[in-house]
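Enquirer: You'll find entry.tsv just under this line, and it carries TSV, C-alpha atoms.
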```tsv
chain	number	residue	atom	x	y	z
A	194	MET	CA	13.31	1.97	-7.66
A	195	PHE	CA	14.33	4.17	-4.76
A	196	LEU	CA	14.67	4.10	-1.01
A	197	ARG	CA	11.01	5.11	-0.73
A	198	PRO	CA	9.77	1.52	-1.23
A	199	PHE	CA	10.78	0.74	2.26
A	200	SER	CA	9.19	3.58	4.15
A	201	PHE	CA	6.19	2.91	1.93
A	202	LEU	CA	6.52	-0.85	2.33
A	203	LEU	CA	6.60	-0.81	6.08
A	204	ALA	CA	3.45	1.28	6.14
A	205	ALA	CA	1.59	-0.74	3.52
A	206	PRO	CA	-1.49	-2.50	4.87
A	207	LEU	CA	-1.12	-6.23	5.22
A	208	ALA	CA	-4.44	-6.60	3.48
A	209	LEU	CA	-2.88	-5.33	0.29
A	210	ALA	CA	-0.90	-8.51	-0.14
A	211	SER	CA	-4.02	-10.65	-0.11
A	212	VAL	CA	-5.79	-8.30	-2.49
A	213	ILE	CA	-3.14	-8.62	-5.18
A	214	ALA	CA	-2.28	-12.27	-4.73
A	215	ALA	CA	-4.20	-13.57	-7.74
A	216	PRO	CA	-4.69	-11.16	-10.62
A	217	GLY	CA	-7.44	-11.91	-13.07
A	218	PRO	CA	-7.49	-11.96	-16.86
A	219	VAL	CA	-8.09	-9.17	-19.34
A	220	ALA	CA	-8.33	-9.17	-23.10
A	221	ILE	CA	-5.04	-7.50	-23.99
A	222	ARG	CA	-3.07	-10.70	-23.43
A	223	GLU	CA	-4.76	-13.57	-25.21
A	224	SER	CA	-2.23	-16.25	-24.38
A	225	ILE	CA	0.13	-16.76	-21.48
A	226	ALA	CA	1.62	-20.05	-22.60
A	227	ALA	CA	5.40	-20.15	-22.42
A	228	THR	CA	6.93	-20.17	-25.87
A	229	SER	CA	9.68	-22.56	-26.87
A	230	SER	CA	12.66	-20.74	-28.36
A	231	ASN	CA	16.17	-21.40	-29.53
A	232	GLN	CA	19.22	-19.99	-27.78
A	233	GLU	CA	18.97	-16.71	-29.65
A	234	GLY	CA	15.51	-16.20	-28.23
A	235	THR	CA	13.65	-16.50	-31.57
A	236	SER	CA	10.27	-18.18	-31.65
A	237	CYS	CA	8.52	-19.63	-34.68
A	238	ALA	CA	5.57	-17.45	-33.72
A	239	CYS	CA	7.64	-14.24	-33.80
A	240	ARG	CA	8.99	-13.96	-37.32
A	241	LYS	CA	8.73	-10.17	-37.55
A	242	PRO	CA	9.44	-8.60	-34.16
A	243	ILE	CA	8.81	-4.90	-33.85
A	244	ILE	CA	12.05	-3.02	-33.28
A	245	ARG	CA	12.40	-0.53	-30.47
A	246	LYS	CA	14.54	2.47	-31.40
A	247	GLU	CA	16.20	5.31	-29.54
A	248	TRP	CA	14.00	8.41	-29.48
A	249	ARG	CA	16.39	10.72	-31.35
A	250	THR	CA	16.74	8.24	-34.24
A	251	LEU	CA	13.01	8.26	-35.01
A	252	PRO	CA	11.81	10.37	-37.93
A	253	PHE	CA	9.77	13.37	-36.82
A	254	ASN	CA	6.56	11.77	-38.13
A	255	ASP	CA	7.17	8.69	-35.99
A	256	GLN	CA	7.81	10.82	-32.91
A	257	ILE	CA	4.55	12.66	-33.48
A	258	ALA	CA	2.72	9.35	-34.02
A	259	TYR	CA	3.98	8.03	-30.69
A	260	ILE	CA	2.98	11.22	-28.85
A	261	LYS	CA	-0.45	11.05	-30.47
A	262	ALA	CA	-0.90	7.46	-29.28
A	263	VAL	CA	0.02	8.35	-25.70
A	264	LYS	CA	-2.48	11.21	-25.81
A	265	CYS	CA	-5.04	8.69	-27.00
A	266	LEU	CA	-4.49	6.62	-23.83
A	267	ILE	CA	-4.81	9.77	-21.74
A	268	ALA	CA	-8.11	10.62	-23.43
A	269	SER	CA	-9.56	7.09	-23.41
A	270	PRO	CA	-11.70	5.83	-20.52
A	271	SER	CA	-10.37	3.34	-18.02
A	272	LYS	CA	-10.91	-0.30	-18.93
A	273	SER	CA	-9.08	-2.22	-16.22
A	274	HIS	CA	-10.11	0.09	-13.35
A	275	THR	CA	-6.88	-0.81	-11.59
A	276	ALA	CA	-7.47	1.76	-8.85
A	277	ALA	CA	-10.62	3.34	-7.46
A	278	GLY	CA	-9.71	6.75	-8.82
A	279	ALA	CA	-8.68	5.63	-12.31
A	280	ARG	CA	-10.63	7.44	-15.01
A	281	THR	CA	-8.46	6.96	-18.11
A	282	ARG	CA	-6.58	4.16	-19.82
A	283	PHE	CA	-3.36	5.95	-18.88
A	284	ASP	CA	-4.52	5.90	-15.24
A	285	ASP	CA	-4.86	2.12	-15.49
A	286	PHE	CA	-1.10	1.81	-15.90
A	287	ILE	CA	-0.39	4.24	-13.07
A	288	GLY	CA	-2.74	2.23	-10.86
A	289	VAL	CA	-1.04	-1.12	-11.38
A	290	HIS	CA	2.43	0.27	-10.72
A	291	LEU	CA	1.13	2.19	-7.70
A	292	ILE	CA	-0.47	-0.92	-6.17
A	293	GLN	CA	2.47	-3.19	-6.95
A	294	ALA	CA	5.21	-0.70	-6.01
A	295	PRO	CA	6.04	-2.22	-2.58
A	296	PHE	CA	6.74	-5.60	-4.21
A	297	ILE	CA	8.60	-4.87	-7.47
A	298	HIS	CA	11.66	-2.80	-6.54
A	299	PHE	CA	14.95	-4.07	-5.14
A	300	VAL	CA	13.76	-7.63	-5.74
A	301	GLY	CA	14.82	-10.44	-8.06
A	302	HIS	CA	11.90	-9.96	-10.44
A	303	PHE	CA	12.35	-6.18	-10.87
A	304	HIS	CA	13.65	-6.52	-14.43
A	305	ALA	CA	11.12	-9.13	-15.48
A	306	TRP	CA	8.12	-7.33	-14.00
A	307	HIS	CA	8.95	-4.05	-15.70
A	308	ARG	CA	9.68	-5.80	-18.99
A	309	ASP	CA	6.18	-7.24	-18.91
A	310	PHE	CA	4.64	-3.94	-17.80
A	311	VAL	CA	6.21	-1.89	-20.61
A	312	SER	CA	5.34	-4.59	-23.15
A	313	ILE	CA	1.66	-4.40	-22.17
A	314	TYR	CA	1.81	-0.61	-22.49
A	315	GLU	CA	3.33	-0.99	-25.94
A	316	LYS	CA	0.65	-3.46	-27.01
A	317	THR	CA	-2.08	-1.19	-25.69
A	318	LEU	CA	-0.75	1.74	-27.72
A	319	ARG	CA	-0.78	-0.46	-30.82
A	320	GLU	CA	-4.07	-2.27	-30.30
A	321	GLU	CA	-6.21	0.48	-28.79
A	322	CYS	CA	-4.66	3.65	-30.18
A	323	HIS	CA	-3.59	2.49	-33.66
A	324	TYR	CA	0.10	3.12	-33.08
A	325	ARG	CA	2.12	1.24	-35.68
A	326	GLY	CA	5.57	1.53	-34.17
A	327	ALA	CA	7.37	0.01	-31.21
A	328	GLN	CA	7.92	1.53	-27.78
A	329	PRO	CA	10.90	3.91	-28.16
A	330	TYR	CA	13.62	4.13	-25.56
A	331	TRP	CA	15.67	7.02	-24.23
A	332	ASP	CA	19.35	6.20	-24.04
A	333	TRP	CA	20.27	8.75	-21.39
A	334	SER	CA	23.95	7.76	-21.58
A	335	LEU	CA	24.09	9.70	-24.87
A	336	ASP	CA	23.13	12.84	-22.95
A	337	ALA	CA	25.11	12.24	-19.74
A	338	VAL	CA	28.34	13.61	-21.20
A	339	GLY	CA	30.38	16.80	-21.15
A	340	PRO	CA	31.53	19.04	-18.31
A	341	ASN	CA	29.04	19.00	-15.45
A	342	TYR	CA	26.46	17.28	-17.70
A	343	THR	CA	25.14	20.67	-18.70
A	344	HIS	CA	23.68	19.41	-21.98
A	345	PHE	CA	21.68	16.57	-20.42
A	346	PHE	CA	18.41	18.47	-20.37
A	347	SER	CA	18.89	19.61	-23.97
A	348	SER	CA	18.25	16.02	-25.03
A	349	PRO	CA	15.87	15.63	-27.99
A	350	VAL	CA	13.56	13.70	-25.69
A	351	PHE	CA	12.69	17.00	-23.99
A	352	ASN	CA	11.98	18.88	-27.23
A	353	PRO	CA	8.69	20.82	-26.93
A	354	ILE	CA	7.46	19.71	-30.38
A	355	TYR	CA	9.23	16.47	-31.29
A	356	GLY	CA	9.76	15.30	-27.74
A	357	LEU	CA	7.91	14.88	-24.45
A	358	GLY	CA	8.33	18.47	-23.31
A	359	GLY	CA	10.64	20.02	-20.77
A	360	ASN	CA	10.92	20.92	-17.12
A	361	GLY	CA	8.16	21.77	-14.69
A	362	ASN	CA	7.26	25.28	-13.69
A	363	PRO	CA	9.16	26.58	-10.65
A	364	ASP	CA	7.23	25.45	-7.58
A	365	ASN	CA	8.70	24.54	-4.20
A	366	SER	CA	5.35	24.18	-2.49
A	367	SER	CA	4.20	20.86	-3.97
A	368	ILE	CA	4.42	17.56	-2.10
A	369	GLN	CA	7.83	15.92	-1.83
A	370	THR	CA	7.82	12.71	-3.87
A	371	ALA	CA	11.46	11.65	-3.48
A	372	SER	CA	12.10	9.55	-0.42
A	373	VAL	CA	15.75	10.46	-0.03
A	374	PRO	CA	17.36	13.85	0.55
A	375	ILE	CA	18.30	15.01	-2.94
A	376	SER	CA	18.61	18.34	-4.68
A	377	PRO	CA	15.19	19.93	-5.15
A	378	GLY	CA	15.94	20.48	-8.83
A	379	THR	CA	14.99	23.45	-10.94
A	380	GLY	CA	11.24	23.01	-11.37
A	381	GLY	CA	8.81	21.18	-9.14
A	382	GLY	CA	5.58	22.20	-10.80
A	383	CYS	CA	3.41	21.08	-13.71
A	384	ILE	CA	5.13	20.32	-17.02
A	385	ALA	CA	5.58	23.75	-18.59
A	386	SER	CA	5.97	22.96	-22.28
A	387	GLY	CA	5.41	20.41	-24.97
A	388	PRO	CA	2.65	17.92	-25.77
A	389	PHE	CA	2.14	17.01	-22.11
A	390	LYS	CA	2.04	20.54	-20.76
A	391	ASN	CA	-0.23	20.58	-17.68
A	392	LEU	CA	-0.96	16.87	-18.12
A	393	THR	CA	-3.57	15.77	-15.57
A	394	VAL	CA	-3.68	12.30	-14.05
A	395	ASN	CA	-6.27	11.10	-11.55
A	396	ILE	CA	-4.51	8.88	-9.01
A	397	GLY	CA	-1.44	9.41	-6.87
A	398	PRO	CA	0.76	11.02	-5.88
A	399	LEU	CA	2.49	8.49	-3.66
A	400	ASN	CA	0.18	5.59	-2.75
A	401	ASN	CA	-3.14	7.40	-3.15
A	402	THR	CA	-5.53	5.19	-5.14
A	403	HIS	CA	-8.55	7.51	-4.86
A	404	TYR	CA	-9.72	10.05	-7.41
A	405	ASN	CA	-7.36	12.98	-7.10
A	406	PRO	CA	-6.86	14.99	-10.30
A	407	HIS	CA	-3.48	16.69	-10.33
A	408	CYS	CA	-0.80	17.59	-12.83
A	409	THR	CA	2.29	15.59	-13.69
A	410	ARG	CA	5.32	17.40	-12.31
A	411	ARG	CA	8.99	17.59	-13.26
A	412	SER	CA	12.01	19.07	-11.52
A	413	PHE	CA	15.21	18.56	-13.49
A	414	SER	CA	18.14	17.74	-11.22
A	415	VAL	CA	21.58	17.60	-12.81
A	416	GLU	CA	23.08	16.28	-9.55
A	417	GLN	CA	21.36	12.94	-10.24
A	418	VAL	CA	22.84	12.48	-13.74
A	419	PRO	CA	26.33	10.95	-13.09
A	420	PRO	CA	25.18	7.29	-12.73
A	421	LEU	CA	23.77	7.56	-16.27
A	422	ALA	CA	27.19	8.27	-17.80
A	423	PRO	CA	28.43	5.91	-20.55
A	424	SER	CA	31.25	4.52	-18.40
A	425	ASN	CA	28.76	3.30	-15.79
A	426	ILE	CA	26.64	1.52	-18.39
A	427	ILE	CA	29.70	-0.10	-19.95
A	428	SER	CA	30.70	-1.27	-16.49
A	429	ALA	CA	27.21	-2.67	-15.82
A	430	LEU	CA	27.25	-4.63	-19.08
A	431	SER	CA	30.59	-6.19	-18.11
A	432	VAL	CA	29.41	-7.84	-14.89
A	433	ASP	CA	29.25	-11.62	-14.90
A	434	THR	CA	26.17	-12.47	-12.87
A	435	PHE	CA	22.57	-11.34	-12.80
A	436	LEU	CA	22.94	-10.54	-9.11
A	437	ASP	CA	25.67	-8.06	-10.00
A	438	LEU	CA	23.47	-6.53	-12.71
A	439	MET	CA	20.64	-6.11	-10.18
A	440	VAL	CA	22.90	-4.01	-7.98
A	441	ARG	CA	24.22	-1.97	-10.90
A	442	ALA	CA	20.67	-1.22	-12.04
A	443	GLU	CA	19.02	-0.44	-8.71
A	444	GLY	CA	21.98	0.58	-6.62
A	445	ASN	CA	22.91	-0.43	-3.13
A	446	PHE	CA	22.14	1.76	-0.14
A	447	THR	CA	22.20	-0.80	2.66
A	448	ASN	CA	25.66	-2.37	2.45
A	449	PRO	CA	28.33	0.02	3.79
A	450	ASN	CA	30.96	-1.80	1.73
A	451	ILE	CA	29.19	-1.07	-1.57
A	452	THR	CA	28.34	2.46	-2.63
A	453	ILE	CA	26.61	2.15	-5.98
A	454	GLU	CA	23.80	4.42	-7.12
A	455	GLY	CA	21.83	2.57	-9.75
A	456	TYR	CA	21.14	3.89	-13.22
A	457	HIS	CA	17.48	3.01	-12.84
A	458	GLY	CA	16.87	5.33	-9.90
A	459	ALA	CA	19.15	8.01	-11.33
A	460	GLY	CA	16.99	8.25	-14.46
A	461	HIS	CA	13.93	8.79	-12.29
A	462	PHE	CA	15.51	11.35	-9.97
A	463	ALA	CA	17.21	13.32	-12.76
A	464	VAL	CA	13.80	14.10	-14.28
A	465	GLY	CA	11.79	14.22	-11.07
A	466	GLY	CA	14.07	15.90	-8.58
A	467	LEU	CA	12.64	16.30	-5.09
A	468	ARG	CA	9.01	16.95	-6.06
A	469	GLY	CA	8.46	15.52	-9.54
A	470	SER	CA	6.29	12.60	-10.59
A	471	MET	CA	9.23	10.52	-11.83
A	472	SER	CA	10.66	10.51	-8.30
A	473	ASP	CA	7.47	8.97	-6.93
A	474	VAL	CA	8.15	5.28	-6.35
A	475	ALA	CA	4.48	4.41	-6.66
A	476	ALA	CA	3.01	6.77	-9.26
A	477	SER	CA	6.05	7.41	-11.47
A	478	PRO	CA	4.21	6.24	-14.62
A	479	SER	CA	2.27	9.51	-14.27
A	480	ASP	CA	5.03	10.95	-16.46
A	481	PRO	CA	5.01	9.51	-20.01
A	482	ILE	CA	8.81	9.58	-20.03
A	483	PHE	CA	8.68	6.69	-17.54
A	484	PHE	CA	8.12	4.25	-20.39
A	485	LEU	CA	11.06	5.49	-22.47
A	486	HIS	CA	13.28	5.32	-19.39
A	487	HIS	CA	12.23	1.80	-18.52
A	488	ALA	CA	12.56	0.64	-22.11
A	489	ASN	CA	16.22	1.65	-21.84
A	490	VAL	CA	16.64	-0.20	-18.54
A	491	ASP	CA	15.16	-3.22	-20.31
A	492	ARG	CA	17.47	-2.73	-23.31
A	493	ILE	CA	20.52	-2.88	-21.05
A	494	TRP	CA	19.28	-6.14	-19.53
A	495	ALA	CA	18.60	-7.55	-23.01
A	496	GLU	CA	22.09	-6.56	-24.18
A	497	TRP	CA	23.60	-8.19	-21.10
A	498	GLN	CA	21.63	-11.38	-21.79
A	499	LYS	CA	22.74	-11.54	-25.43
A	500	ARG	CA	26.40	-11.54	-24.43
A	501	ASP	CA	26.02	-15.04	-23.01
A	502	PRO	CA	22.63	-16.30	-24.20
A	503	ALA	CA	23.03	-19.97	-23.32
A	504	ARG	CA	23.39	-19.06	-19.65
A	505	ARG	CA	21.75	-15.69	-19.24
A	506	TYR	CA	18.38	-16.47	-20.85
A	507	LEU	CA	17.93	-18.80	-17.89
A	508	GLU	CA	19.65	-16.77	-15.19
A	509	VAL	CA	17.63	-15.06	-12.48
A	510	GLY	CA	18.36	-14.45	-8.82
A	511	GLY	CA	17.58	-12.56	-5.69
A	512	THR	CA	14.46	-12.87	-3.61
A	513	ASP	CA	10.98	-11.38	-3.41
A	514	VAL	CA	11.76	-9.43	-0.24
A	515	PRO	CA	12.83	-5.87	-1.05
A	516	PHE	CA	16.41	-5.04	-0.12
A	517	ALA	CA	17.19	-8.65	0.71
A	518	TYR	CA	20.06	-10.52	-0.94
A	519	PRO	CA	22.07	-9.35	-2.90
A	520	PHE	CA	21.39	-5.84	-1.55
A	521	THR	CA	21.61	-6.99	2.08
A	522	PRO	CA	23.61	-10.24	2.31
A	523	ASN	CA	22.07	-11.53	5.53
A	524	ARG	CA	18.45	-10.75	4.65
A	525	THR	CA	16.55	-13.52	2.91
A	526	GLY	CA	13.21	-14.18	1.28
A	527	THR	CA	11.57	-16.50	-1.21
A	528	PRO	CA	14.05	-17.05	-4.06
A	529	VAL	CA	12.94	-15.67	-7.42
A	530	THR	CA	13.08	-18.46	-9.98
A	531	LEU	CA	11.90	-18.82	-13.57
A	532	ARG	CA	8.54	-19.94	-12.17
A	533	TYR	CA	8.02	-16.85	-10.05
A	534	PRO	CA	4.68	-15.12	-10.93
A	535	LEU	CA	4.52	-11.62	-12.39
A	536	ASN	CA	1.54	-9.76	-11.03
A	537	LEU	CA	-0.13	-6.97	-13.01
A	538	ALA	CA	-3.19	-6.67	-10.78
A	539	GLY	CA	-4.59	-3.43	-9.47
A	540	ASP	CA	-6.62	-2.97	-6.30
A	541	ALA	CA	-8.57	-6.21	-6.85
A	542	PRO	CA	-7.69	-9.50	-8.61
A	543	TYR	CA	-10.12	-8.80	-11.44
A	544	HIS	CA	-8.71	-5.30	-11.98
A	545	ALA	CA	-5.62	-6.32	-13.91
A	546	LEU	CA	-3.86	-5.12	-17.02
A	547	ALA	CA	-3.16	-8.65	-18.22
A	548	LYS	CA	-3.32	-12.29	-17.28
A	549	PRO	CA	-0.59	-13.50	-14.92
A	550	ILE	CA	2.56	-15.04	-16.33
A	551	VAL	CA	5.86	-16.15	-14.83
A	552	VAL	CA	9.43	-14.88	-15.13
A	553	ARG	CA	10.33	-17.55	-17.68
A	554	ASP	CA	7.82	-16.07	-20.13
A	555	VAL	CA	9.72	-12.79	-20.48
A	556	MET	CA	13.32	-13.98	-20.44
A	557	ARG	CA	13.55	-13.80	-24.24
A	558	LEU	CA	12.30	-10.96	-26.40
A	559	ARG	CA	11.62	-12.75	-29.69
A	560	THR	CA	8.74	-14.91	-28.55
A	561	SER	CA	5.06	-14.86	-29.39
A	562	LEU	CA	4.34	-13.17	-26.04
A	563	LEU	CA	6.70	-10.19	-26.42
A	564	CYS	CA	7.88	-10.24	-30.05
A	565	TYR	CA	10.07	-7.16	-30.00
A	566	ASP	CA	13.79	-6.41	-30.06
A	567	TYR	CA	16.15	-3.44	-29.96
A	568	GLU	CA	17.96	-1.89	-32.90
```
Just dump the structure as structure tokens.

Expert:
Amino acid sequence: MFLRPFSFLLAAPLALASVIAAPGPVAIRESIAATSSNQEGTSCACRKPIIRKEWRTLPFNDQIAYIKAVKCLIASPSKSHTAAGARTRFDDFIGVHLIQAPFIHFVGHFHAWHRDFVSIYEKTLREECHYRGAQPYWDWSLDAVGPNYTHFFSSPVFNPIYGLGGNGNPDNSSIQTASVPISPGTGGGCIASGPFKNLTVNIGPLNNTHYNPHCTRRSFSVEQVPPLAPSNIISALSVDTFLDLMVRAEGNFTNPNITIEGYHGAGHFAVGGLRGSMSDVAASPSDPIFFLHHANVDRIWAEWQKRDPARRYLEVGGTDVPFAYPFTPNRTGTPVTLRYPLNLAGDAPYHALAKPIVVRDVMRLRTSLLCYDYE
């Protein structure tokens, strides 16, 4: 997601790798069998996919229903116990991302892992909190327009009633979550308005897995918005190879000949600034807007795939070593293939959100496993 993975990665205990090597099963995913599909990605078992829509296109009642479902997760007790400090179902998702963070950014399975992660979140909202819709997405390119991007933070997604609330309270004393020197932003404290005002989560920040109640923070930073502009997304969709899309999404900070800031990290930093939860490489799902942001990152990948389905539904690349090829040409690792495992385990193999699958299982949206699409 950011440069932080690598300061965090280098300090991560070697024991962590053995702990998360073999995640165990949970009930939310009943079947992990790969589904046979045609070239359009439609499975016989997915006749009525749920359709993910952009937040501002949802009727007000649907926006309220989604917010209510997220609050249900926040109020429900932990089931997967993905981290020692997890107390709620919402914490379970923070825990998995926190534990897996050193292994899922700037790697070949970044897109696939997060597609699976957001899909499980979506299914949990529907199956445990009676949400009837699909996971909405936030198309930030619609807001990253105009002189100096001054209207970005007036996006409907930040509405205090029909959105996820606005900026954090001014606070420059909280812990720095961003791993790179960026603008501190205009907040830094607990969310100040909306349905998630003063939201409390129990694990994090950073790589803390122990019980540590604290508020979700935001610090809007307009300096981070430019990579989200429509022209950059159009450019990303025009690239020919998946390796090129990886770099457009995550950016490239190691090759002096390439100076690309990815739209994925920009979306995090624009909301999180220097001290916000969204800028925390490990615990960024502490902010509910994480899932709308990542649904949009997934939508861009899906749109790119659909432009050449015969090839791109089978195209993966890169390695499992962060910042290796294509980010650093001479750094290698285990190649990510369609058979590469996607790990949703927490701090022990039996503390997992879902049974393990492989990259191939999430390459197409309209299958029995995922069964969703974008409008």

Enquirer: One decimal, Å: what's the distance from atom CA of Ala305 of chain A over to atom CA of Ile493 of chain A, could you say?

Expert: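 About the pair atom CA of Ala305 of chain A and atom CA of Ile493 of chain A: they are 12.6 Å apart.
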
Enquirer: If we draw a sphere of 10 Å around (6.5, 20.9, -25.3), which residues have at least one atom in it when counting only C-alpha atoms? Please report them as a list in words.

Expert: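 Residues with an atom at most 10 Å from (6.5, 20.9, -25.3): Phe351, Asn352, Pro353, Ile354, Tyr355, Gly356, Leu357, Gly358, Gly359, Asn360, Ile384, Ala385, Ser386, Gly387, Pro388, Phe389 and Lys390 of chain A.
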
Enquirer: For atom CA of Val300 of chain A and atom CA of Gly526 of chain A, quote the distance in Å rounded to one decimal.

Expert: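 Value for the atom CA of Val300 of chain A-atom CA of Gly526 of chain A distance: 9.6 Å.
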
Enquirer: Mind pulling up the distance from atom CA of Tyr314 of chain A to atom CA of Pro398 of chain A?

Expert: 20.3 Å

Enquirer: Could you pull out every residue with an atom within 7 Å of (18.3, -1.8, -20.1), file coordinates, counting all atoms listed in the file, and send them as a count of residues only?

Expert: 8

Enquirer: Kindly assemble as a tab-separated table a list of the segment 431-549 of chain A residues that lie within 10 Å of segment 417-423 of chain A, each paired with its nearest atom pair and their distance in Å to one decimal, using only C-alpha atoms, sorted first by chain and then by ascending residue number.

Expert:
```
residue	atom	partner	partner_atom	distance
A:Arg441	CA	A:Pro420	CA	9.5
A:Ala442	CA	A:Pro420	CA	9.7
A:Gly444	CA	A:Pro420	CA	9.6
A:Ile453	CA	A:Pro420	CA	8.6
A:Glu454	CA	A:Pro420	CA	6.5
A:Gly455	CA	A:Pro420	CA	6.5
A:Tyr456	CA	A:Pro420	CA	5.3
A:His457	CA	A:Leu421	CA	8.5
A:Gly458	CA	A:Gln417	CA	8.8
A:Ala459	CA	A:Gln417	CA	5.5
A:Gly460	CA	A:Leu421	CA	7.1
A:His461	CA	A:Gln417	CA	8.8
A:Phe462	CA	A:Gln417	CA	6.1
A:Ala463	CA	A:Gln417	CA	4.9
A:Val464	CA	A:Gln417	CA	8.6
A:Gly465	CA	A:Gln417	CA	9.7
A:Gly466	CA	A:Gln417	CA	8.0
```
